[in-house]
Amino acid sequence: MSKHIETKCVQEGWEPKAGEPRVVPIYQSTTFKYDTAAQLGDLFDLKAAGHFYTRLSNPTLEAVEKKIAALEGGVAAMVTSSGQAASLVSVLVLCKAGDHAVCSSAIYGGTYNLFSSTMSRMGIEFTFVPPDADEATLRGAVKENTKLIFGESLSNPTLDVLDIEMYAKVAHENNLPLLVDNTFPTPVNCRPFEFGADIVIHSTSKYMDGHAVSLGGAIVDSGNFNFAEYPEKYPMLCEPEPSYHGTNFTEAFGKLAYILLARAKYMRDLGVQMSPQNGFLLSMGLETLALRMERHCHNARLIAEYLSGHDKIEWVIFPGLESSPQYERAKKYMPGGTSGVISFCVKGGRENAGIFMESLRLACIATHVADLRTCLLHPASTTHRQLSDEQLAGAGIDPGLIRFSVGIEHAEDIIEDIGQALEKIKI
């Protein structure tokens with residue numbers, strides 16, 4: 001198969017044989033037939049590969065998982081019902097009650113709440129470090145019971161570019177895997193595994209789907225972190241698993257241990273599977289991912305430049321601008337562009353932000369982000385509403401920040417819409 005990601009977007013995951021459908025079919029079935037009880041028993045015992053119940057796996061989902069693994073350069077992937085489910089399972093494979101994780105504070109508000117509140121009640125503690133944390137700060141946050149380090153390659157909505165190499169260095173010094181949420185840049189623009197990340201997750205509901213029609217998430221394992229070297233730190237992977245007749249996953253499955261435990265135990269027990277219909281829609285979206293990301297990034301740069309020169313804009317955050325303090329880091333990790341997301345503040349605070357948002361005609365106010373239609377929202381009162389003022393400050397979110405998700409419409413039309421909305425503001 002080609003080394004070029006554009007070709008992988010189209011060709012990977014589904015290889016039809018003679019007479020089979022050219023496009024991956026929707027296998028809309030909960031169960032699958034076998035001829036003998038022994039065949040089915042081997043599937044339940046993980047002695048054979050195959051599908052027997054869609055809560056665990058399905059041919060449509062397998063095809064999209066193979067495509068996503070190929071795009072990220074991983075050994076295996078598992079899709080989930082949402083990005084939140086991917087975040088949850090990716091941590092639960094490694095952490096149990098009494099364990100600890102280190103995380104950048106510059107992450108999506110829903111993920112922050114999942115880690116700081118819900119998982120705290122499960123007995124898993126998170127220490128959050130500032131997005132601009134240096135090596136010493138990150139290293140100082142690691143404890144004896146730390147099991148992983150987590151960050152977003154491009155944070156939502158503050159657009160901080162994660163120093164993946166530095167995070168990976170500290171993680172590996174402490175025998176820890178680095179987990180990176182690569183939702184905004186996608187594998188088209190950022191290659192976390194090439195900079196030392198071990199596991200990548202996605203909210204596939206965003207650019208990967210691209211059309212705002214299907215919820216989903218994905219976990220991809222690079223296969224590079226050798227959990228078997230640290231049996232005391234990762235007993236779930238390295239000790240006999242009682243619910244699978246004492247199977248030791250690292251011994252039995254090697255580089256596939258992490259994803260297979262995620263599927264066989266946590267997908268089975270939590271039931272956070274993607275539907276076959278959503279898997280099909282995601283597969284269709286992935287085929288045009290590289291094309292769309294090129295247009296998103298092109299448009300976003302033009303609009304960021306326009307906003308930066310407007311007298312009614314307080315400030316603009318877009319790592320693709322040469323004036324951005326994140327520019328050099330963005331060039332290193334995302335040389336082809338960051339994403340179509342821009343964050344900015346309208347002069348006059350929340351009141352003027354509201355006037356601006358409600359005056360737009362082409363762009364709509366929506367909770368979603370990162371699809372082909374231009375949309376925007378006010379994070380402090382929506383996606384990050386559950387955070388306190390102190391937590392908002394820690395995450396770098398100004399109360400006046402607007403998250404603007406640039407679509408693939410013509411850039412001139414988007415700029416014209418922004419301009420007429422800004423005219424409504426009186427300063």
# chains A, B, ... in the order shown; residues from 1 in each chain; ligands from 1
$ closest_atom_pairs --of "region 181-286 of chain A" --to "region 362-369 of chain A" --cutoff "12 Å" --atoms "only C-alpha atoms" --output "tab-separated table"
residue	atom	partner	partner_atom	distance
A:Thr183	CA	A:Val369	CA	10.6
A:Phe184	CA	A:Val369	CA	9.2
A:Ser203	CA	A:Val369	CA	10.7
A:Thr204	CA	A:Val369	CA	11.4
A:Ser205	CA	A:His368	CA	8.8
A:Lys206	CA	A:Val369	CA	6.4
A:Tyr207	CA	A:Val369	CA	8.4
A:Met208	CA	A:Val369	CA	11.6
A:Asp209	CA	A:Val369	CA	11.4
A:Gly210	CA	A:Val369	CA	9.5
A:His211	CA	A:Val369	CA	10.3
A:Ala212	CA	A:His368	CA	7.6
A:Val213	CA	A:His368	CA	10.7
A:Ser214	CA	A:His368	CA	11.6
A:Leu215	CA	A:His368	CA	10.8
$ residues_around --residues "region 221-236 of chain A" --least-positions-apart "6" --cutoff "7 Å" --atoms "only C-alpha atoms" --output "PyMOL selection string"
chain A and resi 73-77+94+177+193+198-200+250+255-256+259
$ closest_atom_pairs --of "region 20-110 of chain A" --to "region 185-188 of chain A" --cutoff "9 Å" --atoms "only C-alpha atoms" --output "Markdown table"
| residue | atom | partner | partner_atom | distance |
| --- | --- | --- | --- | --- |
| A:Ile68 | CA | A:Pro187 | CA | 8.8 |
| A:Leu71 | CA | A:Pro187 | CA | 6.1 |
| A:Glu72 | CA | A:Pro187 | CA | 5.5 |
| A:Gly73 | CA | A:Pro187 | CA | 8.8 |
$ select_by_dssp --residues "region 12-154 of chain A" --states "alpha helix (DSSP H)" --output "PDB file with N, CA and C atoms, in the first residue's frame"
ATOM      1  N   ALA A  37     -20.123 -25.506  18.209  1.00  0.00           N
ATOM      2  CA  ALA A  37     -19.948 -24.842  19.495  1.00  0.00           C
ATOM      3  C   ALA A  37     -18.471 -24.575  19.764  1.00  0.00           C
ATOM      4  N   ALA A  38     -17.617 -25.461  19.268  1.00  0.00           N
ATOM      5  CA  ALA A  38     -16.171 -25.302  19.488  1.00  0.00           C
ATOM      6  C   ALA A  38     -15.652 -24.041  18.797  1.00  0.00           C
ATOM      7  N   GLN A  39     -16.145 -23.772  17.587  1.00  0.00           N
ATOM      8  CA  GLN A  39     -15.727 -22.562  16.887  1.00  0.00           C
ATOM      9  C   GLN A  39     -16.080 -21.318  17.690  1.00  0.00           C
ATOM     10  N   LEU A  40     -17.300 -21.287  18.201  1.00  0.00           N
ATOM     11  CA  LEU A  40     -17.738 -20.137  18.981  1.00  0.00           C
ATOM     12  C   LEU A  40     -16.988 -20.051  20.298  1.00  0.00           C
ATOM     13  N   GLY A  41     -16.721 -21.207  20.907  1.00  0.00           N
ATOM     14  CA  GLY A  41     -15.975 -21.227  22.161  1.00  0.00           C
ATOM     15  C   GLY A  41     -14.575 -20.671  22.011  1.00  0.00           C
ATOM     16  N   ASP A  42     -13.917 -20.983  20.897  1.00  0.00           N
ATOM     17  CA  ASP A  42     -12.576 -20.445  20.651  1.00  0.00           C
ATOM     18  C   ASP A  42     -12.599 -18.924  20.527  1.00  0.00           C
ATOM     19  N   LEU A  43     -13.667 -18.389  19.951  1.00  0.00           N
ATOM     20  CA  LEU A  43     -13.789 -16.933  19.852  1.00  0.00           C
ATOM     21  C   LEU A  43     -13.944 -16.319  21.232  1.00  0.00           C
ATOM     22  N   PHE A  44     -14.774 -16.916  22.060  1.00  0.00           N
ATOM     23  CA  PHE A  44     -14.970 -16.407  23.416  1.00  0.00           C
ATOM     24  C   PHE A  44     -13.681 -16.474  24.229  1.00  0.00           C
ATOM     25  N   PRO A  59     -17.673  -6.679  11.309  1.00  0.00           N
ATOM     26  CA  PRO A  59     -16.865  -6.501  10.098  1.00  0.00           C
ATOM     27  C   PRO A  59     -16.789  -5.066   9.594  1.00  0.00           C
ATOM     28  N   THR A  60     -17.887  -4.311   9.685  1.00  0.00           N
ATOM     29  CA  THR A  60     -17.846  -2.907   9.263  1.00  0.00           C
ATOM     30  C   THR A  60     -16.896  -2.120  10.147  1.00  0.00           C
ATOM     31  N   LEU A  61     -16.984  -2.351  11.445  1.00  0.00           N
ATOM     32  CA  LEU A  61     -16.132  -1.634  12.388  1.00  0.00           C
ATOM     33  C   LEU A  61     -14.677  -2.064  12.253  1.00  0.00           C
ATOM     34  N   GLU A  62     -14.458  -3.340  11.968  1.00  0.00           N
ATOM     35  CA  GLU A  62     -13.088  -3.821  11.775  1.00  0.00           C
ATOM     36  C   GLU A  62     -12.427  -3.099  10.600  1.00  0.00           C
ATOM     37  N   ALA A  63     -13.179  -2.872   9.534  1.00  0.00           N
ATOM     38  CA  ALA A  63     -12.618  -2.187   8.365  1.00  0.00           C
ATOM     39  C   ALA A  63     -12.200  -0.768   8.698  1.00  0.00           C
ATOM     40  N   VAL A  64     -13.048  -0.049   9.439  1.00  0.00           N
ATOM     41  CA  VAL A  64     -12.701   1.339   9.770  1.00  0.00           C
ATOM     42  C   VAL A  64     -11.574   1.377  10.801  1.00  0.00           C
ATOM     43  N   GLU A  65     -11.507   0.385  11.684  1.00  0.00           N
ATOM     44  CA  GLU A  65     -10.398   0.311  12.640  1.00  0.00           C
ATOM     45  C   GLU A  65      -9.067   0.099  11.922  1.00  0.00           C
ATOM     46  N   LYS A  66      -9.060  -0.755  10.922  1.00  0.00           N
ATOM     47  CA  LYS A  66      -7.830  -0.984  10.158  1.00  0.00           C
ATOM     48  C   LYS A  66      -7.398   0.283   9.424  1.00  0.00           C
ATOM     49  N   LYS A  67      -8.369   1.022   8.904  1.00  0.00           N
ATOM     50  CA  LYS A  67      -8.049   2.262   8.202  1.00  0.00           C
ATOM     51  C   LYS A  67      -7.434   3.276   9.161  1.00  0.00           C
ATOM     52  N   ILE A  68      -8.040   3.452  10.343  1.00  0.00           N
ATOM     53  CA  ILE A  68      -7.539   4.422  11.313  1.00  0.00           C
ATOM     54  C   ILE A  68      -6.154   4.022  11.812  1.00  0.00           C
ATOM     55  N   ALA A  69      -5.948   2.721  12.075  1.00  0.00           N
ATOM     56  CA  ALA A  69      -4.623   2.259  12.509  1.00  0.00           C
ATOM     57  C   ALA A  69      -3.576   2.556  11.438  1.00  0.00           C
ATOM     58  N   ALA A  70      -3.926   2.355  10.176  1.00  0.00           N
ATOM     59  CA  ALA A  70      -2.996   2.633   9.088  1.00  0.00           C
ATOM     60  C   ALA A  70      -2.696   4.121   8.982  1.00  0.00           C
ATOM     61  N   LEU A  71      -3.706   4.959   9.182  1.00  0.00           N
ATOM     62  CA  LEU A  71      -3.496   6.405   9.088  1.00  0.00           C
ATOM     63  C   LEU A  71      -2.570   6.905  10.193  1.00  0.00           C
ATOM     64  N   GLU A  72      -2.708   6.374  11.397  1.00  0.00           N
ATOM     65  CA  GLU A  72      -1.856   6.809  12.509  1.00  0.00           C
ATOM     66  C   GLU A  72      -0.520   6.078  12.541  1.00  0.00           C
ATOM     67  N   GLY A  83     -15.983  10.007  21.564  1.00  0.00           N
ATOM     68  CA  GLY A  83     -14.642  10.370  21.996  1.00  0.00           C
ATOM     69  C   GLY A  83     -14.474  10.231  23.492  1.00  0.00           C
ATOM     70  N   GLN A  84     -15.537  10.545  24.242  1.00  0.00           N
ATOM     71  CA  GLN A  84     -15.484  10.390  25.694  1.00  0.00           C
ATOM     72  C   GLN A  84     -15.236   8.940  26.081  1.00  0.00           C
ATOM     73  N   ALA A  85     -15.885   8.021  25.379  1.00  0.00           N
ATOM     74  CA  ALA A  85     -15.686   6.599  25.657  1.00  0.00           C
ATOM     75  C   ALA A  85     -14.251   6.187  25.367  1.00  0.00           C
ATOM     76  N   ALA A  86     -13.671   6.743  24.302  1.00  0.00           N
ATOM     77  CA  ALA A  86     -12.269   6.444  23.984  1.00  0.00           C
ATOM     78  C   ALA A  86     -11.347   6.930  25.094  1.00  0.00           C
ATOM     79  N   SER A  87     -11.597   8.145  25.591  1.00  0.00           N
ATOM     80  CA  SER A  87     -10.786   8.681  26.691  1.00  0.00           C
ATOM     81  C   SER A  87     -10.905   7.795  27.924  1.00  0.00           C
ATOM     82  N   LEU A  88     -12.127   7.406  28.251  1.00  0.00           N
ATOM     83  CA  LEU A  88     -12.371   6.579  29.440  1.00  0.00           C
ATOM     84  C   LEU A  88     -11.646   5.244  29.342  1.00  0.00           C
ATOM     85  N   VAL A  89     -11.876   4.526  28.260  1.00  0.00           N
ATOM     86  CA  VAL A  89     -11.306   3.179  28.134  1.00  0.00           C
ATOM     87  C   VAL A  89      -9.788   3.231  28.033  1.00  0.00           C
ATOM     88  N   SER A  90      -9.252   4.238  27.328  1.00  0.00           N
ATOM     89  CA  SER A  90      -7.799   4.318  27.171  1.00  0.00           C
ATOM     90  C   SER A  90      -7.094   4.399  28.520  1.00  0.00           C
ATOM     91  N   VAL A  91      -7.733   5.034  29.490  1.00  0.00           N
ATOM     92  CA  VAL A  91      -7.153   5.159  30.829  1.00  0.00           C
ATOM     93  C   VAL A  91      -7.437   3.923  31.670  1.00  0.00           C
ATOM     94  N   LEU A  92      -8.661   3.385  31.583  1.00  0.00           N
ATOM     95  CA  LEU A  92      -9.024   2.243  32.416  1.00  0.00           C
ATOM     96  C   LEU A  92      -8.191   1.002  32.118  1.00  0.00           C
ATOM     97  N   GLY A 109     -13.121  20.413  27.788  1.00  0.00           N
ATOM     98  CA  GLY A 109     -13.785  20.488  29.087  1.00  0.00           C
ATOM     99  C   GLY A 109     -14.440  19.194  29.516  1.00  0.00           C
ATOM    100  N   GLY A 110     -15.023  18.458  28.570  1.00  0.00           N
ATOM    101  CA  GLY A 110     -15.645  17.183  28.913  1.00  0.00           C
ATOM    102  C   GLY A 110     -14.629  16.167  29.386  1.00  0.00           C
ATOM    103  N   THR A 111     -13.438  16.168  28.770  1.00  0.00           N
ATOM    104  CA  THR A 111     -12.374  15.262  29.201  1.00  0.00           C
ATOM    105  C   THR A 111     -11.860  15.666  30.579  1.00  0.00           C
ATOM    106  N   TYR A 112     -11.718  16.967  30.789  1.00  0.00           N
ATOM    107  CA  TYR A 112     -11.264  17.464  32.092  1.00  0.00           C
ATOM    108  C   TYR A 112     -12.221  17.003  33.191  1.00  0.00           C
ATOM    109  N   ASN A 113     -13.522  17.119  32.941  1.00  0.00           N
ATOM    110  CA  ASN A 113     -14.507  16.716  33.939  1.00  0.00           C
ATOM    111  C   ASN A 113     -14.496  15.207  34.144  1.00  0.00           C
ATOM    112  N   MET A 119     -13.700  10.092  37.166  1.00  0.00           N
ATOM    113  CA  MET A 119     -12.678   9.083  37.423  1.00  0.00           C
ATOM    114  C   MET A 119     -12.072   9.239  38.809  1.00  0.00           C
ATOM    115  N   SER A 120     -12.149  10.448  39.346  1.00  0.00           N
ATOM    116  CA  SER A 120     -11.733  10.642  40.737  1.00  0.00           C
ATOM    117  C   SER A 120     -12.599   9.816  41.674  1.00  0.00           C
ATOM    118  N   ARG A 121     -13.897   9.739  41.357  1.00  0.00           N
ATOM    119  CA  ARG A 121     -14.803   8.924  42.178  1.00  0.00           C
ATOM    120  C   ARG A 121     -14.523   7.435  42.032  1.00  0.00           C
ATOM    121  N   GLU A 135      10.025  20.654  31.417  1.00  0.00           N
ATOM    122  CA  GLU A 135      10.397  19.286  31.788  1.00  0.00           C
ATOM    123  C   GLU A 135      10.367  19.068  33.292  1.00  0.00           C
ATOM    124  N   ALA A 136      10.909  20.025  34.022  1.00  0.00           N
ATOM    125  CA  ALA A 136      10.994  19.871  35.480  1.00  0.00           C
ATOM    126  C   ALA A 136       9.605  19.821  36.104  1.00  0.00           C
ATOM    127  N   THR A 137       8.706  20.673  35.634  1.00  0.00           N
ATOM    128  CA  THR A 137       7.338  20.694  36.175  1.00  0.00           C
ATOM    129  C   THR A 137       6.633  19.377  35.879  1.00  0.00           C
ATOM    130  N   LEU A 138       6.767  18.906  34.653  1.00  0.00           N
ATOM    131  CA  LEU A 138       6.120  17.651  34.271  1.00  0.00           C
ATOM    132  C   LEU A 138       6.700  16.489  35.055  1.00  0.00           C
ATOM    133  N   ARG A 139       8.010  16.475  35.178  1.00  0.00           N
ATOM    134  CA  ARG A 139       8.667  15.396  35.917  1.00  0.00           C
ATOM    135  C   ARG A 139       8.259  15.431  37.394  1.00  0.00           C
ATOM    136  N   GLY A 140       8.098  16.636  37.930  1.00  0.00           N
ATOM    137  CA  GLY A 140       7.721  16.772  39.336  1.00  0.00           C
ATOM    138  C   GLY A 140       6.307  16.320  39.636  1.00  0.00           C
ATOM    139  N   ALA A 141       5.465  16.247  38.619  1.00  0.00           N
ATOM    140  CA  ALA A 141       4.080  15.813  38.830  1.00  0.00           C
ATOM    141  C   ALA A 141       3.948  14.294  38.896  1.00  0.00           C
TER     142      ALA A 141
END
$ atom_distance --atom1 "CA of Trp315 (chain A)" --atom2 "CA of Tyr167 (chain A)"
28.3 Å
$ residues_around --residues "Gly337 (chain A)" --least-positions-apart "5" --cutoff "8 Å" --atoms "only C-alpha atoms" --output "MDAnalysis selection string"
chainID A and resid 185 189 294 297 320 330:331
$ select_by_dssp --residues "region 90-299 of chain A" --states "strand (DSSP E or B)" --output "number ranges by chain"
A: 100-104, 125-129, 146-152, 154, 161, 178-181, 199-203, 217-221, 241, 247
$ atom_distance --atom1 "CA of Thr288 (chain A)" --atom2 "CA of Ala197 (chain A)"
25.5 Å
$ atom_distance --atom1 "CA of Arg329 (chain A)" --atom2 "CA of Asp389 (chain A)"
28.3 Å
$ closest_residue --among "A:Cys190, A:Asp269, A:Phe195, A:Asn299" --to "Thr338 (chain A)" --atoms "only C-alpha atoms"
A:Cys190
$ closest_residue --among "A:Val10, A:Val341, A:Ile408, A:Leu261" --to "Leu376 (chain A)" --atoms "only C-alpha atoms"
A:Val341
$ closest_residue --among "A:Gly340, A:Pro192, A:Pro240, A:Pro25" --to "Leu302 (chain A)" --atoms "only C-alpha atoms"
A:Gly340
$ closest_residue --among "A:Leu162, A:Cys9, A:Ile402, A:Leu46" --to "Gly285 (chain A)" --atoms "only C-alpha atoms"
A:Cys9
$ decode --residues "region 92-193 of chain A" --atoms "C-alpha atoms" --output "PDB file, in the first residue's frame"
ATOM      1  CA  LEU A  92      -9.024   2.243  32.416  1.00  0.00           C
ATOM      2  CA  VAL A  93      -6.826  -0.270  30.588  1.00  0.00           C
ATOM      3  CA  LEU A  94      -3.880   1.154  32.544  1.00  0.00           C
ATOM      4  CA  CYS A  95      -5.341   2.493  35.806  1.00  0.00           C
ATOM      5  CA  LYS A  96      -7.314   1.071  38.696  1.00  0.00           C
ATOM      6  CA  ALA A  97      -8.482   2.556  41.990  1.00  0.00           C
ATOM      7  CA  GLY A  98      -5.488   3.985  43.836  1.00  0.00           C
ATOM      8  CA  ASP A  99      -3.559   4.845  40.674  1.00  0.00           C
ATOM      9  CA  HIS A 100      -2.501   8.247  39.395  1.00  0.00           C
ATOM     10  CA  ALA A 101      -2.091   9.998  36.026  1.00  0.00           C
ATOM     11  CA  VAL A 102      -0.530  13.263  34.870  1.00  0.00           C
ATOM     12  CA  CYS A 103      -2.396  15.400  32.361  1.00  0.00           C
ATOM     13  CA  SER A 104      -2.067  18.761  30.661  1.00  0.00           C
ATOM     14  CA  SER A 105      -4.751  21.130  31.932  1.00  0.00           C
ATOM     15  CA  ALA A 106      -5.307  22.398  28.373  1.00  0.00           C
ATOM     16  CA  ILE A 107      -7.802  19.768  27.258  1.00  0.00           C
ATOM     17  CA  TYR A 108     -11.450  19.609  26.210  1.00  0.00           C
ATOM     18  CA  GLY A 109     -13.785  20.488  29.087  1.00  0.00           C
ATOM     19  CA  GLY A 110     -15.645  17.183  28.913  1.00  0.00           C
ATOM     20  CA  THR A 111     -12.374  15.262  29.201  1.00  0.00           C
ATOM     21  CA  TYR A 112     -11.264  17.464  32.092  1.00  0.00           C
ATOM     22  CA  ASN A 113     -14.507  16.716  33.939  1.00  0.00           C
ATOM     23  CA  LEU A 114     -14.248  12.998  33.163  1.00  0.00           C
ATOM     24  CA  PHE A 115     -10.756  12.859  34.617  1.00  0.00           C
ATOM     25  CA  SER A 116     -11.101  15.299  37.523  1.00  0.00           C
ATOM     26  CA  SER A 117     -14.594  14.343  38.712  1.00  0.00           C
ATOM     27  CA  THR A 118     -15.939  11.032  37.418  1.00  0.00           C
ATOM     28  CA  MET A 119     -12.678   9.083  37.423  1.00  0.00           C
ATOM     29  CA  SER A 120     -11.733  10.642  40.737  1.00  0.00           C
ATOM     30  CA  ARG A 121     -14.803   8.924  42.178  1.00  0.00           C
ATOM     31  CA  MET A 122     -13.443   5.679  40.757  1.00  0.00           C
ATOM     32  CA  GLY A 123     -10.317   6.222  42.836  1.00  0.00           C
ATOM     33  CA  ILE A 124      -8.071   7.349  39.960  1.00  0.00           C
ATOM     34  CA  GLU A 125      -6.305  10.636  40.724  1.00  0.00           C
ATOM     35  CA  PHE A 126      -5.173  13.136  38.090  1.00  0.00           C
ATOM     36  CA  THR A 127      -2.582  15.874  38.482  1.00  0.00           C
ATOM     37  CA  PHE A 128      -3.027  18.664  35.930  1.00  0.00           C
ATOM     38  CA  VAL A 129      -0.024  20.646  34.766  1.00  0.00           C
ATOM     39  CA  PRO A 130      -0.091  23.981  32.875  1.00  0.00           C
ATOM     40  CA  PRO A 131       0.013  23.723  29.073  1.00  0.00           C
ATOM     41  CA  ASP A 132       3.371  25.512  29.055  1.00  0.00           C
ATOM     42  CA  ALA A 133       4.865  23.204  31.710  1.00  0.00           C
ATOM     43  CA  ASP A 134       8.569  22.571  31.290  1.00  0.00           C
ATOM     44  CA  GLU A 135      10.397  19.286  31.788  1.00  0.00           C
ATOM     45  CA  ALA A 136      10.994  19.871  35.480  1.00  0.00           C
ATOM     46  CA  THR A 137       7.338  20.694  36.175  1.00  0.00           C
ATOM     47  CA  LEU A 138       6.120  17.651  34.271  1.00  0.00           C
ATOM     48  CA  ARG A 139       8.667  15.396  35.917  1.00  0.00           C
ATOM     49  CA  GLY A 140       7.721  16.772  39.336  1.00  0.00           C
ATOM     50  CA  ALA A 141       4.080  15.813  38.830  1.00  0.00           C
ATOM     51  CA  VAL A 142       4.931  12.107  38.443  1.00  0.00           C
ATOM     52  CA  LYS A 143       4.316   9.958  41.538  1.00  0.00           C
ATOM     53  CA  GLU A 144       5.226   6.420  42.484  1.00  0.00           C
ATOM     54  CA  ASN A 145       1.734   5.243  41.492  1.00  0.00           C
ATOM     55  CA  THR A 146       1.551   7.207  38.206  1.00  0.00           C
ATOM     56  CA  LYS A 147       0.535   4.991  35.286  1.00  0.00           C
ATOM     57  CA  LEU A 148       0.371   7.360  32.295  1.00  0.00           C
ATOM     58  CA  ILE A 149       0.798  10.902  30.978  1.00  0.00           C
ATOM     59  CA  PHE A 150      -1.947  12.449  28.829  1.00  0.00           C
ATOM     60  CA  GLY A 151      -2.252  15.516  26.596  1.00  0.00           C
ATOM     61  CA  GLU A 152      -3.959  16.883  23.484  1.00  0.00           C
ATOM     62  CA  SER A 153      -1.740  17.436  20.444  1.00  0.00           C
ATOM     63  CA  LEU A 154      -3.720  20.625  19.775  1.00  0.00           C
ATOM     64  CA  SER A 155      -5.855  21.617  22.732  1.00  0.00           C
ATOM     65  CA  ASN A 156      -9.564  22.372  22.558  1.00  0.00           C
ATOM     66  CA  PRO A 157     -10.271  25.321  22.564  1.00  0.00           C
ATOM     67  CA  THR A 158      -7.046  27.146  23.514  1.00  0.00           C
ATOM     68  CA  LEU A 159      -5.026  25.632  20.621  1.00  0.00           C
ATOM     69  CA  ASP A 160      -1.901  24.967  22.668  1.00  0.00           C
ATOM     70  CA  VAL A 161       0.502  22.765  20.716  1.00  0.00           C
ATOM     71  CA  LEU A 162       1.703  19.907  22.911  1.00  0.00           C
ATOM     72  CA  ASP A 163       5.466  19.411  23.052  1.00  0.00           C
ATOM     73  CA  ILE A 164       5.055  15.724  22.279  1.00  0.00           C
ATOM     74  CA  GLU A 165       8.771  14.884  22.291  1.00  0.00           C
ATOM     75  CA  MET A 166       9.279  16.465  25.692  1.00  0.00           C
ATOM     76  CA  TYR A 167       6.195  14.754  27.132  1.00  0.00           C
ATOM     77  CA  ALA A 168       7.347  11.423  25.675  1.00  0.00           C
ATOM     78  CA  LYS A 169      10.846  11.881  27.099  1.00  0.00           C
ATOM     79  CA  VAL A 170       9.549  12.455  30.633  1.00  0.00           C
ATOM     80  CA  ALA A 171       7.018   9.634  30.301  1.00  0.00           C
ATOM     81  CA  HIS A 172       9.610   7.119  29.138  1.00  0.00           C
ATOM     82  CA  GLU A 173      12.151   8.212  31.753  1.00  0.00           C
ATOM     83  CA  ASN A 174       9.551   7.125  34.286  1.00  0.00           C
ATOM     84  CA  ASN A 175       8.559   3.932  32.426  1.00  0.00           C
ATOM     85  CA  LEU A 176       5.172   5.397  31.514  1.00  0.00           C
ATOM     86  CA  PRO A 177       3.240   5.480  28.226  1.00  0.00           C
ATOM     87  CA  LEU A 178       2.264   8.814  26.684  1.00  0.00           C
ATOM     88  CA  LEU A 179      -1.364   9.069  25.543  1.00  0.00           C
ATOM     89  CA  VAL A 180      -2.177  11.829  23.048  1.00  0.00           C
ATOM     90  CA  ASP A 181      -5.588  13.006  21.884  1.00  0.00           C
ATOM     91  CA  ASN A 182      -4.987  13.839  18.203  1.00  0.00           C
ATOM     92  CA  THR A 183      -8.545  14.901  17.340  1.00  0.00           C
ATOM     93  CA  PHE A 184      -7.963  18.424  15.991  1.00  0.00           C
ATOM     94  CA  PRO A 185      -4.890  17.925  13.764  1.00  0.00           C
ATOM     95  CA  THR A 186      -5.862  14.357  12.743  1.00  0.00           C
ATOM     96  CA  PRO A 187      -3.155  12.002  11.439  1.00  0.00           C
ATOM     97  CA  VAL A 188      -3.083  14.089   8.259  1.00  0.00           C
ATOM     98  CA  ASN A 189      -1.453  17.021  10.092  1.00  0.00           C
ATOM     99  CA  CYS A 190       0.186  15.458  13.157  1.00  0.00           C
ATOM    100  CA  ARG A 191       1.987  12.135  13.639  1.00  0.00           C
ATOM    101  CA  PRO A 192       2.252  11.631  17.432  1.00  0.00           C
ATOM    102  CA  PHE A 193       3.826   8.166  17.189  1.00  0.00           C
TER     103      PHE A 193
END
